[in-house]
Protein chains: 4
Amino acid sequence: MSWNTFGRVFRFTTWGESHGPALGVVVDGCPPGIALSEGDIQPFLDARKPGQNRFTTQRREADEVRILSGVFEGRTTGTPISLMIENTDQRSKDYSEVAKAYRPGHADYTYDQKYGFRDYRGGGRSSARETAARVAAGAIARLVIPEVTVTGWVEAIGEHAVDYNRFDASQIRENAFFCPDAKAARAWESVIDETRRAGSSLGASVACEAVGVPAGWGAPVYAKLDSELAAAMVSINAVKGVEIGDGFAATRLSGEGNADAMRPGDDGEVAFDANHAGGIAGGISTGQPVTCRVAFKPTSSILTPVETITSEGEATEIRTKGRHDPCVGIRGVPVVEAMMALVLADQKLLHRAQVGDR
Amino acid sequence: MSWNTFGRVFRFTTWGESHGPALGVVVDGCPPGIALSEGDIQPFLDARKPGQNRFTTQRREADEVRILSGVFEGRTTGTPISLMIENTDQRSKDYSEVAKAYRPGHADYTYDQKYGFRDYRGGGRSSARETAARVAAGAIARLVIPEVTVTGWVEAIGEHAVDYNRFDASQIRENAFFCPDAKAARAWESVIDETRRAGSSLGASVACEAVGVPAGWGAPVYAKLDSELAAAMVSINAVKGVEIGDGFAATRLSGEGNADAMRPGDDGEVAFDANHAGGIAGGISTGQPVTCRVAFKPTSSILTPVETITSEGEATEIRTKGRHDPCVGIRGVPVVEAMMALVLADQKLLHRAQVGDR
Amino acid sequence: MSWNTFGRVFRFTTWGESHGPALGVVVDGCPPGIALSEGDIQPFLDARKPGQNRFTTQRREADEVRILSGVFEGRTTGTPISLMIENTDQRSKDYSEVAKAYRPGHADYTYDQKYGFRDYRGGGRSSARETAARVAAGAIARLVIPEVTVTGWVEAIGEHAVDYNRFDASQIRENAFFCPDAKAARAWESVIDETRRAGSSLGASVACEAVGVPAGWGAPVYAKLDSELAAAMVSINAVKGVEIGDGFAATRLSGEGNADAMRPGDDGEVAFDANHAGGIAGGISTGQPVTCRVAFKPTSSILTPVETITSEGEATEIRTKGRHDPCVGIRGVPVVEAMMALVLADQKLLHRAQVGDR
Amino acid sequence: MSWNTFGRVFRFTTWGESHGPALGVVVDGCPPGIALSEGDIQPFLDARKPGQNRFTTQRREADEVRILSGVFEGRTTGTPISLMIENTDQRSKDYSEVAKAYRPGHADYTYDQKYGFRDYRGGGRSSARETAARVAAGAIARLVIPEVTVTGWVEAIGEHAVDYNRFDASQIRENAFFCPDAKAARAWESVIDETRRAGSSLGASVACEAVGVPAGWGAPVYAKLDSELAAAMVSINAVKGVEIGDGFAATRLSGEGNADAMRPGDDGEVAFDANHAGGIAGGISTGQPVTCRVAFKPTSSILTPVETITSEGEATEIRTKGRHDPCVGIRGVPVVEAMMALVLADQKLLHRAQVGDR
């Protein structure tokens with residue numbers, strides 16, 4: 001099935017292919033009266049935009065967003081907000097090879113198996129360009145949850161992890177890698193340069209934290225806050241895993257080691273001694289920071305030839321020329337942040353649907 | 001919000017609390033004409049049932065399922081199938097302590113924050129007893145996808161992992177731990193005995209594999225097969241992470257190392273040289289086994305006192321007496337299998353909605 | 001497709017067949033903290049209950065509802081509320097005729113065409129017994145919208161309409177017909193007696209009004225309050241039409257005649273000079289009473305033989321023996337009221353999801 | 001709540017305001033491989049287009065549709081199809097009056113009550129221009145159900161009904177009124193001319209028939225084919241009622257008079273002696289034509305001053321100058337057809353989800 005809508009009451013629907021005229025998103029269910037202009041969205045698109053430095057793909061897209069509906073006199077009206085981004089740099093190239101042979105790790109083979117044919121230009125709908133639409137929608141979601149601050153960062157590229165002793169959130173926007181560790185960021189420059197020169201690619205682990213989520217957002221069973229976050233994160237291109245709080249590390253803890261003990265806080269609020277749970281218990285936020293970690297596989301497009309088959313089932317080899325991110329996880333950071341904001345905005349509205357503004 | 005329905009066309013809705021009279025599930029959208037009786041469901045419930053050996057909780061529930069609707073003359077009619085399981089061993093005990101103080105790691109605090117009060121008996125709706133309903137629904141899902149075989153197992157309890165060189169699927173049902181490695185299973189006996197005697201608990205990693213999924217199930221963007229699986233798995237009590245295929249290990253691979261090269265197979269089918277992707281590319285099944293790994297945190301109920309607060313915000317300590325699984329991940333195996341089957345059944349029907357029986 | 005769930009955030013799922021062991025409903029998304037016991041639900045079921053007088057079917061069902069989950073210490077917990085009603089009077093009779101031949105006007109033929117076979121006992125899932133589950137759910141919905149009073153009545157049986165000059169709401173529960181006109185009610189006694197004796201049946205028009213709905217509930221486009229009401233009403237067995245406000249009569253008005261002029265009211269509220277619109281403009285409530293009218297066809301079960309075919313396609317005749325309502329619209333009144341309440345409860349919660357408690 | 005998506009597996013989401021830069025629709029879930037170009041959509045938009053003769057509004061919109069995604073090499077890919085129509089004739093006029101006072105019958109008051117403010121230019125989102133997006137989506141839906149022919153017509157304008165003895169489907173596109181009775185069409189010319197000159201307006205009744213729907217589409221309970229049709233039709237601007245088959249007339253029939261007797265047909269198919277049911281029994285199609293009737297109220301915009309209030313609650317009068325349809329029901333015909341096609345396409349896919357291609 002094709003399913004391009006996410007969310008339950010704060011919902012968005014994305015559309016568009018890598019090499020079509022444009023891509024976009026319709027955001028529905030947004031509360032009315034929120035100040036909104038293109039200027040609130042563009043900075044997030046700019047953060048995700050390709051071609052800004054030598055460490056990402058050299059495709060150059062302006063990624064200029066245009067609001068087509070849902071805003072009147074500078075404020076959201078409560079009706080659907082349609083956003084469009086025109087594709088400007090669909091380089092005219094020869095797609096005959098990729099039209100015929102399946103690139104391993106890409107959706108080429110599976111689209112053909114599912115639909116019988118596919119738009120092979122730049123990956124069509126399976127292109128990571130779709131994530132621009134999520135980032136645009138996420139910028140609106142942030143305005144719905146002004147009480148929350150969402151921050152993502154790369155915590156490892158391949159085997160090269162940050163040192164959390166050097167964690168400095170102010171560094172994240174200061175380098176090309178959304179890296180909170182200035183020293184690691186410098187080291188990653190040569191890691192990526194080398195990888196790009198070798199025509200190879202690397203995976204990455206991206207962390208995300210939402211501070212300011214009040215206790216009570218979420219649902220007991222099938223729209224658990226963590227379940228929704230997991231769906232949101234794994235729906236991002238190239239993502240192969242997600243952890244909430246300690247994630248898999250929690251499997252190696254004892255019950256005592258994993259307990260987030262509680263005590264009365266200084267401010268009348270409850271204080272927690274730890275946050276192994278990632279701010280979620282029983283599917284509902286605890287009031288602590290909501291934290292997750294997302295696994296990006298290495299970019300499947302590499303210059304090394306890989307054995308594959310043609311659409312007729314013949315053996316062949318393919319090497320993916322063109323302009324690709326050596327590490328797709330880097331530009332995944334604004335996308336992960338967007339999905340976090342989108343899930344939280346939906347859960348905020350769902351919560352007040354059931355219990356009202358308390 | 002309370003959200004107790006999962007699925008898009010093959011949908012199920014669960015209900016019931018730990019200490020209510022019964023729990024159950026309504027399965028809607030099931031294809032008609034499938035032979036179904038309680039005998040098709042009970043074995044899966046029996047596999048999950050508590051109190052069968054000294055390694056799980058000593059609560060003893062018959063967990064006898066009753067079909068209340070949707071089946072006529074031994075076959076599904078296409079209308080909703082209502083299943084009910086009566087609670088028989090809600091031991092009458094003193095809940096005054098847990099009524100007043102919040103158990104860290106449990107949903108006590110978050111339910112109170114969300115809803116203003118809670119059914120504190122045995123965790124109420126947040127009890128893992130809810131998973132019996134999923135297992136019952138999952139048994140029906142399996143009948144919808146007879147082409148698929150779903151198998152789950154525990155691959156690690158705490159730091160104690162299986163040795164995959166000794167992997168033997170026939171062992172999984174031969175020990176109390178759903179362990180595919182007979183030697184590890186024997187070692188786990190003393191690990192769990194010790195943990196139980198110490199009043200402590202352990203986490204676990206559960207793996208699951210679905211063999212026989214044809215290429216083409218899934219969706220390009222927000223109902224990706226992997227995204228749905230992630231939501232399904234993280235919705236299970238105590239789960240803190242999920243990996244598809246290589247998961248986080250893929251972040252440490254190069255593009256070459258992660259490529260699942262393809263070649264013509266002997267049988268006219270395509271053959272893959274590896275399955276790093278876990279049988280899913282671009283959100284759609286490749287025809288390889290669909291694989292995932294699920295992280296269960298250690299049971300939050302432990303005998304060691306933990307600092308906490310009362311519902312009035314006073315400091316106190318709590319130790320969770322009663323009958324608990326020392327490692328809740330073990331009985332998670334039938335639940336993980338059920339969720340895998342439920343997602344696949346839904347995706348099978350969604351696929352043929354869009355493209356028909358091809 | 002089988003689709004047994006209605007609602008967007010206040011949702012309910014019904015299950016059960018006419019001759020199965022029980023039927024029921026799971027209500028999800030109900031706000032927490034609402035006082036609820038079987039006593040809040042039973043009176044509405046009693047109003048719909050068959051066998052209470054000679055004017056309805058003589059099937060005698062206790063229709064005793066039991067709450068299986070979602071209520072703790074007399075209040076809703078916010079988790080799913082499971083209600084069950086046991087079937088007690090499934091008279092053991094010979095279904096061989098109806099098993100073989102299709103009753104015109106019933107779902108016999110269409111179920112067979114859709115699903116390949118059917119539960120033919122008493123209509124199976126297509127039986128109007130399913131509406132008991134709606135009525136039970138509707139009783140909970142009423143508690144979610146205490147500001148609203150929902151009242152339904154029969155305004156015509158066949159050609160025999162009430163005289164609105166004699167409209168007296170207090171009469172509605174004083175006769176067997178939910179008739180607000182005492183004189184019409186007396187006349188209907190002989191109309192129904194005669195129809196029953198003739199083995200014939202009659203249609204009916206049912207009106208419903210919700211007073212107290214504040215301005216602002218509803219949605220601009222596809223979840224319009226009137227659109228949701230229309231779906232809700234037409235989903236009731238035997239319903240063939242629905243009107244909002246003046247309905248089809250509005251097609252014969254001029255723009256001037258149809259205008260609901262507004263002026264400042266005495267109480268600071270807006271006053272309307274008329275309510276042609278039925279309390280809804282642009283899909284959103286105006287603050288006036290929400291009104292609709294529902295068309296029930298005559299009961300399809302009649303004693304007169306009707307030409308039909310067997311499941312093998314042979315010509316035959318069928319007369320539907322057994323215990324049937326001569327006018328199914330009468331017992332439709334509690335069902336129409338329930339659906340009105342269910343739609344309004346959902347819209348109330350949806351409204352505060354988007355705009356909060358203003 | 002704002003809710004701008006309709007459908008369950010074949011889904012569409014519309015966006016755009018009367019006086020924004022554009023409006024559009026995203027169609028998701030469309031089967032792949034269907035030949036599609038703007039040329040398949042434009043004729044239906046042209047049929048609905050304003051300003052084509054003196055009987056409709058003189059607003060002149062090109063209503064040129066552009067496909068922005070989801071089509072590759074002339075065929076649908078299975079991914080979302082984004083359609084956009086630019087607004088070109090948003091006449092710059094003075095909206096100060098309508099900005100301040102509420103037009104009775106319009107959504108002005110209710111939008112303000114719901115959202116706190118509104119886009120008052122041309123009705124904003126509540127404008128009937130939104131229906132252009134439905135018509136565009138409906139053109140795609142028709143391609144999904146090539147076995148079905150959908151035809152709508154006006155059967156009455158105000159008190160002026162067609163004579164069904166003169167019904168001639170070939171006349172429908174031969175006059176300005178979608179009128180199947182040539183004589184009535186001529187009479188309606190002066191009716192509409194007179195109404196327009198008087199600054200008044202008229203209601204209309206629109207009929208629609210879908211021929212070729214096989215038996216078996218639909219659902220037993222809450223996604224009944226008739227329930228979905230009712231929701232679809234009542235979601236159209238200015239619609240106040242819907243009838244399936246005989247609708248309210250069935251309330252005045254006896255069971256015998258309403259029976260659609262069945263017999264073996266000449267062609268091995270079943271033959272029906274009548275179609276009181278409108279081709280739907282138990283929520284599922286019978287194989288007969290699916291028929292419905294839709295009530296359009298008179299256009300609320302009239303030149304006669306009507307009492308109303310300002311947004312500050314002061315008494316005032318308003319007369320709606322500008323370019324309006326004297327009878328909005330006329331241009332409702334292509335919209336009614338579109339909604340019929342959209343519901344049927346969704347039900348076709350839902351049906352094969354559950355039972356496959358049989």
# chains A, B, ... in the order shown; residues from 1 in each chain; ligands from 1
$ closest_atom_pairs --of "chain C" --to "chain A" --cutoff "6 Å" --atoms "only C-alpha atoms" --output "tab-separated table"
residue	atom	partner	partner_atom	distance
C:Pro31	CA	A:Gln354	CA	4.9
C:Leu349	CA	A:Ala353	CA	4.6
C:Leu350	CA	A:Ala353	CA	5.9
C:Arg352	CA	A:Ala353	CA	5.4
C:Ala353	CA	A:Ala353	CA	4.2
C:Gln354	CA	A:Pro31	CA	4.9
C:Val355	CA	A:Pro31	CA	5.6
C:Asp357	CA	A:Asp357	CA	5.9
$ write_last_selection --atoms "all heavy atoms" --output "PDB file, in the first residue's frame"
ATOM      1  N   PRO C  31     -12.950  10.019  28.180  1.00  0.00           N
ATOM      2  CA  PRO C  31     -12.240  10.774  29.205  1.00  0.00           C
ATOM      3  C   PRO C  31     -12.279  10.050  30.551  1.00  0.00           C
ATOM      4  O   PRO C  31     -13.227   9.312  30.842  1.00  0.00           O
ATOM      5  CB  PRO C  31     -13.013  12.105  29.269  1.00  0.00           C
ATOM      6  CG  PRO C  31     -13.613  12.246  27.912  1.00  0.00           C
ATOM      7  CD  PRO C  31     -13.974  10.840  27.510  1.00  0.00           C
ATOM      8  N   LEU C 349     -14.489  16.054  21.656  1.00  0.00           N
ATOM      9  CA  LEU C 349     -13.085  15.769  21.952  1.00  0.00           C
ATOM     10  C   LEU C 349     -12.180  16.227  20.814  1.00  0.00           C
ATOM     11  O   LEU C 349     -11.096  16.763  21.042  1.00  0.00           O
ATOM     12  CB  LEU C 349     -12.890  14.275  22.231  1.00  0.00           C
ATOM     13  CG  LEU C 349     -13.716  13.660  23.374  1.00  0.00           C
ATOM     14  CD1 LEU C 349     -13.130  12.311  23.774  1.00  0.00           C
ATOM     15  CD2 LEU C 349     -13.794  14.558  24.592  1.00  0.00           C
ATOM     16  N   LEU C 350     -12.618  16.030  19.590  1.00  0.00           N
ATOM     17  CA  LEU C 350     -11.834  16.504  18.447  1.00  0.00           C
ATOM     18  C   LEU C 350     -11.660  18.014  18.487  1.00  0.00           C
ATOM     19  O   LEU C 350     -10.596  18.541  18.182  1.00  0.00           O
ATOM     20  CB  LEU C 350     -12.529  16.115  17.130  1.00  0.00           C
ATOM     21  CG  LEU C 350     -12.261  14.706  16.624  1.00  0.00           C
ATOM     22  CD1 LEU C 350     -13.221  14.377  15.495  1.00  0.00           C
ATOM     23  CD2 LEU C 350     -10.823  14.551  16.147  1.00  0.00           C
ATOM     24  N   ARG C 352     -11.634  19.985  21.100  1.00  0.00           N
ATOM     25  CA  ARG C 352     -10.663  20.471  22.078  1.00  0.00           C
ATOM     26  C   ARG C 352      -9.256  19.965  21.784  1.00  0.00           C
ATOM     27  O   ARG C 352      -8.284  20.551  22.243  1.00  0.00           O
ATOM     28  CB  ARG C 352     -11.120  20.208  23.511  1.00  0.00           C
ATOM     29  CG  ARG C 352     -10.990  18.826  24.030  1.00  0.00           C
ATOM     30  CD  ARG C 352     -11.448  18.823  25.507  1.00  0.00           C
ATOM     31  NE  ARG C 352     -11.450  17.476  26.022  1.00  0.00           N
ATOM     32  CZ  ARG C 352     -12.031  17.117  27.153  1.00  0.00           C
ATOM     33  NH1 ARG C 352     -12.684  18.009  27.871  1.00  0.00           N
ATOM     34  NH2 ARG C 352     -11.976  15.882  27.581  1.00  0.00           N
ATOM     35  N   ALA C 353      -9.138  18.908  20.988  1.00  0.00           N
ATOM     36  CA  ALA C 353      -7.802  18.528  20.522  1.00  0.00           C
ATOM     37  C   ALA C 353      -7.172  19.698  19.766  1.00  0.00           C
ATOM     38  O   ALA C 353      -6.037  20.081  20.009  1.00  0.00           O
ATOM     39  CB  ALA C 353      -7.874  17.302  19.611  1.00  0.00           C
ATOM     40  N   GLN C 354      -7.937  20.271  18.864  1.00  0.00           N
ATOM     41  CA  GLN C 354      -7.344  21.317  18.008  1.00  0.00           C
ATOM     42  C   GLN C 354      -7.274  22.672  18.694  1.00  0.00           C
ATOM     43  O   GLN C 354      -6.297  23.396  18.504  1.00  0.00           O
ATOM     44  CB  GLN C 354      -8.129  21.442  16.693  1.00  0.00           C
ATOM     45  CG  GLN C 354      -7.373  22.297  15.672  1.00  0.00           C
ATOM     46  CD  GLN C 354      -8.050  22.388  14.328  1.00  0.00           C
ATOM     47  OE1 GLN C 354      -9.210  22.079  14.191  1.00  0.00           O
ATOM     48  NE2 GLN C 354      -7.309  22.817  13.322  1.00  0.00           N
ATOM     49  N   VAL C 355      -8.302  23.037  19.453  1.00  0.00           N
ATOM     50  CA  VAL C 355      -8.297  24.403  19.985  1.00  0.00           C
ATOM     51  C   VAL C 355      -8.228  24.475  21.512  1.00  0.00           C
ATOM     52  O   VAL C 355      -8.141  25.579  22.060  1.00  0.00           O
ATOM     53  CB  VAL C 355      -9.516  25.218  19.488  1.00  0.00           C
ATOM     54  CG1 VAL C 355      -9.637  25.131  17.981  1.00  0.00           C
ATOM     55  CG2 VAL C 355     -10.792  24.775  20.154  1.00  0.00           C
ATOM     56  N   ASP C 357      -9.497  23.828  25.567  1.00  0.00           N
ATOM     57  CA  ASP C 357     -10.710  24.255  26.278  1.00  0.00           C
ATOM     58  C   ASP C 357     -10.750  25.771  26.266  1.00  0.00           C
ATOM     59  O   ASP C 357     -10.011  26.424  27.011  1.00  0.00           O
ATOM     60  CB  ASP C 357     -10.653  23.775  27.738  1.00  0.00           C
ATOM     61  CG  ASP C 357     -10.821  22.270  27.863  1.00  0.00           C
ATOM     62  OD1 ASP C 357     -11.582  21.699  27.076  1.00  0.00           O
ATOM     63  OD2 ASP C 357     -10.175  21.676  28.742  1.00  0.00           O
TER      64      ASP C 357
END
$ residues_around --residues "segment 106-123 of chain C" --least-positions-apart "4" --cutoff "7 Å" --atoms "only C-alpha atoms" --output "compact mmCIF listing (two decimals) with all heavy atoms, in the first residue's frame"
# COMPACT_ATOMS: atom_id res chain seq x y z
N PRO B 32 -12.67 -13.98 5.17
CA PRO B 32 -13.66 -15.02 5.48
C PRO B 32 -13.18 -16.41 5.05
O PRO B 32 -12.28 -16.53 4.23
CB PRO B 32 -14.86 -14.61 4.63
CG PRO B 32 -14.25 -13.92 3.44
CD PRO B 32 -13.00 -13.23 3.95
N PHE B 72 -18.48 -19.19 12.22
CA PHE B 72 -19.71 -19.95 12.02
C PHE B 72 -19.36 -21.26 11.36
O PHE B 72 -18.63 -21.29 10.36
CB PHE B 72 -20.68 -19.15 11.15
CG PHE B 72 -22.00 -19.84 10.91
CD1 PHE B 72 -22.82 -20.18 11.98
CD2 PHE B 72 -22.41 -20.14 9.62
CE1 PHE B 72 -24.05 -20.81 11.76
CE2 PHE B 72 -23.63 -20.77 9.39
CZ PHE B 72 -24.45 -21.10 10.47
N THR B 77 -16.23 -15.71 9.39
CA THR B 77 -17.28 -15.20 8.49
C THR B 77 -16.89 -13.89 7.82
O THR B 77 -17.61 -13.41 6.96
CB THR B 77 -18.57 -14.92 9.30
OG1 THR B 77 -18.27 -13.94 10.30
CG2 THR B 77 -19.11 -16.18 9.94
N GLY B 78 -15.78 -13.30 8.23
CA GLY B 78 -15.40 -11.99 7.70
C GLY B 78 -15.85 -10.86 8.62
O GLY B 78 -15.52 -9.70 8.38
N SER C 18 -26.49 -12.27 15.98
CA SER C 18 -27.82 -12.49 16.53
C SER C 18 -27.88 -13.76 17.38
O SER C 18 -28.47 -13.78 18.46
CB SER C 18 -28.83 -12.61 15.39
OG SER C 18 -30.08 -13.02 15.86
N HIS C 19 -27.27 -14.82 16.91
CA HIS C 19 -27.42 -16.11 17.58
C HIS C 19 -26.12 -16.64 18.16
O HIS C 19 -26.00 -17.82 18.45
CB HIS C 19 -28.05 -17.12 16.63
CG HIS C 19 -29.53 -16.90 16.48
ND1 HIS C 19 -30.05 -15.71 16.03
CD2 HIS C 19 -30.59 -17.70 16.75
CE1 HIS C 19 -31.38 -15.80 16.01
NE2 HIS C 19 -31.74 -16.99 16.43
N TYR C 95 -33.52 -23.34 10.63
CA TYR C 95 -33.03 -22.32 9.70
C TYR C 95 -32.75 -22.87 8.31
O TYR C 95 -32.10 -22.21 7.52
CB TYR C 95 -31.75 -21.68 10.26
CG TYR C 95 -32.03 -20.67 11.33
CD1 TYR C 95 -31.80 -20.96 12.67
CD2 TYR C 95 -32.53 -19.41 10.99
CE1 TYR C 95 -32.07 -20.03 13.65
CE2 TYR C 95 -32.80 -18.48 11.97
CZ TYR C 95 -32.57 -18.79 13.30
OH TYR C 95 -32.84 -17.86 14.26
N VAL C 98 -34.01 -20.49 5.37
CA VAL C 98 -33.24 -19.26 5.18
C VAL C 98 -31.77 -19.56 4.87
O VAL C 98 -31.07 -18.74 4.27
CB VAL C 98 -33.40 -18.33 6.40
CG1 VAL C 98 -32.66 -18.86 7.60
CG2 VAL C 98 -32.94 -16.92 6.07
N ALA C 99 -31.33 -20.74 5.23
CA ALA C 99 -29.96 -21.11 4.88
C ALA C 99 -29.82 -21.30 3.38
O ALA C 99 -28.76 -21.06 2.80
CB ALA C 99 -29.55 -22.40 5.60
N TYR C 102 -32.48 -16.76 -0.35
CA TYR C 102 -32.15 -15.39 0.05
C TYR C 102 -33.43 -14.61 0.34
O TYR C 102 -34.33 -14.54 -0.51
CB TYR C 102 -31.37 -14.69 -1.06
CG TYR C 102 -30.06 -15.36 -1.36
CD1 TYR C 102 -29.74 -15.77 -2.65
CD2 TYR C 102 -29.12 -15.56 -0.34
CE1 TYR C 102 -28.51 -16.36 -2.93
CE2 TYR C 102 -27.90 -16.16 -0.62
CZ TYR C 102 -27.60 -16.55 -1.91
OH TYR C 102 -26.40 -17.15 -2.17
N SER C 127 -27.97 -8.66 11.79
CA SER C 127 -29.16 -8.53 12.63
C SER C 127 -29.18 -7.18 13.34
O SER C 127 -28.13 -6.64 13.71
CB SER C 127 -29.14 -9.63 13.70
OG SER C 127 -30.07 -9.34 14.72
N SER C 300 -38.06 -5.85 6.37
CA SER C 300 -38.05 -6.71 5.19
C SER C 300 -38.67 -8.07 5.45
O SER C 300 -39.10 -8.76 4.52
CB SER C 300 -36.60 -6.88 4.70
OG SER C 300 -36.09 -5.64 4.27
N ALA D 215 -21.81 -7.12 -7.18
CA ALA D 215 -22.27 -7.46 -5.84
C ALA D 215 -21.06 -7.71 -4.94
O ALA D 215 -20.08 -8.30 -5.36
CB ALA D 215 -23.15 -8.70 -5.88
N GLY D 216 -21.14 -7.22 -3.71
CA GLY D 216 -20.10 -7.55 -2.74
C GLY D 216 -19.25 -6.38 -2.23
O GLY D 216 -18.51 -6.55 -1.28
N TRP D 217 -19.35 -5.22 -2.84
CA TRP D 217 -18.58 -4.09 -2.32
C TRP D 217 -19.33 -3.50 -1.12
O TRP D 217 -20.55 -3.37 -1.14
CB TRP D 217 -18.38 -3.01 -3.38
CG TRP D 217 -17.48 -3.40 -4.51
CD1 TRP D 217 -16.87 -4.60 -4.71
CD2 TRP D 217 -17.11 -2.57 -5.62
NE1 TRP D 217 -16.15 -4.57 -5.89
CE2 TRP D 217 -16.27 -3.34 -6.46
CE3 TRP D 217 -17.40 -1.25 -6.01
CZ2 TRP D 217 -15.71 -2.83 -7.65
CZ3 TRP D 217 -16.85 -0.74 -7.18
CH2 TRP D 217 -16.01 -1.53 -7.99
N ALA D 281 -27.79 -3.69 0.06
CA ALA D 281 -28.51 -4.38 1.14
C ALA D 281 -27.51 -4.77 2.22
O ALA D 281 -26.46 -5.35 1.92
CB ALA D 281 -29.23 -5.61 0.60
N GLY D 282 -27.84 -4.42 3.45
CA GLY D 282 -26.93 -4.72 4.55
C GLY D 282 -25.60 -4.00 4.42
O GLY D 282 -24.59 -4.45 4.95
N ILE D 284 -23.93 -3.59 1.66
CA ILE D 284 -23.12 -4.22 0.61
C ILE D 284 -23.87 -4.16 -0.71
O ILE D 284 -25.09 -4.33 -0.74
CB ILE D 284 -22.81 -5.68 1.01
CG1 ILE D 284 -22.05 -5.71 2.35
CG2 ILE D 284 -22.01 -6.39 -0.08
CD1 ILE D 284 -21.92 -7.10 2.95
N SER D 285 -23.15 -3.93 -1.79
CA SER D 285 -23.78 -3.79 -3.10
C SER D 285 -24.42 -5.09 -3.55
O SER D 285 -23.91 -6.18 -3.29
CB SER D 285 -22.75 -3.33 -4.13
OG SER D 285 -21.69 -4.25 -4.21
N THR D 286 -25.56 -4.95 -4.24
CA THR D 286 -26.31 -6.12 -4.71
C THR D 286 -26.01 -6.48 -6.16
O THR D 286 -26.43 -7.52 -6.64
CB THR D 286 -27.83 -5.84 -4.64
OG1 THR D 286 -28.12 -4.76 -5.55
CG2 THR D 286 -28.28 -5.47 -3.25
$ residues_around --residues "Ile280 of chain C" --least-positions-apart "2" --cutoff "12 Å" --atoms "only C-alpha atoms" --output "JSON, numbers by chain"
{"C": [210, 213, 214, 215, 216, 217, 218, 219, 220, 224, 225, 226, 227, 228, 229, 243, 244, 245, 246, 247, 260, 275, 276, 277, 278, 282, 283, 284, 285, 286, 287, 288, 289, 290, 291, 292], "D": [104, 105, 106, 107, 108, 109, 110, 111, 234, 235, 237, 238, 239, 240]}
$ residues_around --residues "segment 35-49 of chain A" --least-positions-apart "3" --cutoff "7 Å" --atoms "only C-alpha atoms" --output "list in words"
Gln52, Glu61, Asp63, Glu64, Val65, Arg66, Ile67, Gly74, Arg75, Thr76, Ala132, Val135, Ala136, Ala139, Arg331 and Pro334 of chain A
$ residues_around --residues "Phe296 of chain A" --least-positions-apart "3" --cutoff "10 Å" --atoms "only C-alpha atoms" --output "PyMOL selection string"
(chain A and resi 157-158+202-206+234+236-242+293+299+327-330+332) or (chain B and resi 247-252)
$ select_by_dssp --residues "segment 232-303 of chain B" --states "strand (DSSP E or B)" --output "ChimeraX atom specification"
/B:239-244,254,262-264,270-272,280-281,284-285,290-296
$ residues_around --residues "Asp266 of chain A" --least-positions-apart "5" --cutoff "12 Å" --atoms "only C-alpha atoms" --output "PDB file with C-alpha atoms, in the first residue's frame"
ATOM      1  CA  ALA A 271      12.840  14.778  40.749  1.00  0.00           C
ATOM      2  CA  PHE A 272      14.299  11.666  39.151  1.00  0.00           C
TER       3      PHE A 272
ATOM      4  CA  GLY B 313       4.521  13.982  46.770  1.00  0.00           C
TER       5      GLY B 313
END
$ select_by_dssp --residues "segment 76-266 of chain D" --states "alpha helix (DSSP H)" --output "ChimeraX atom specification"
/D:96-100,108-115,130-144,182-197,225-234,255-258
$ atom_distance --atom1 "atom CA of Gln58 of chain D" --atom2 "atom CA of Arg319 of chain D"
17.8 Å
$ atom_distance --atom1 "atom CA of Phe12 of chain C" --atom2 "atom CA of Met340 of chain C"
13.6 Å
$ residues_around --residues "segment 145-154 of chain B" --least-positions-apart "4" --cutoff "6 Å" --atoms "only C-alpha atoms" --output "ChimeraX atom specification"
/B:178-179,205-213,333,337,345
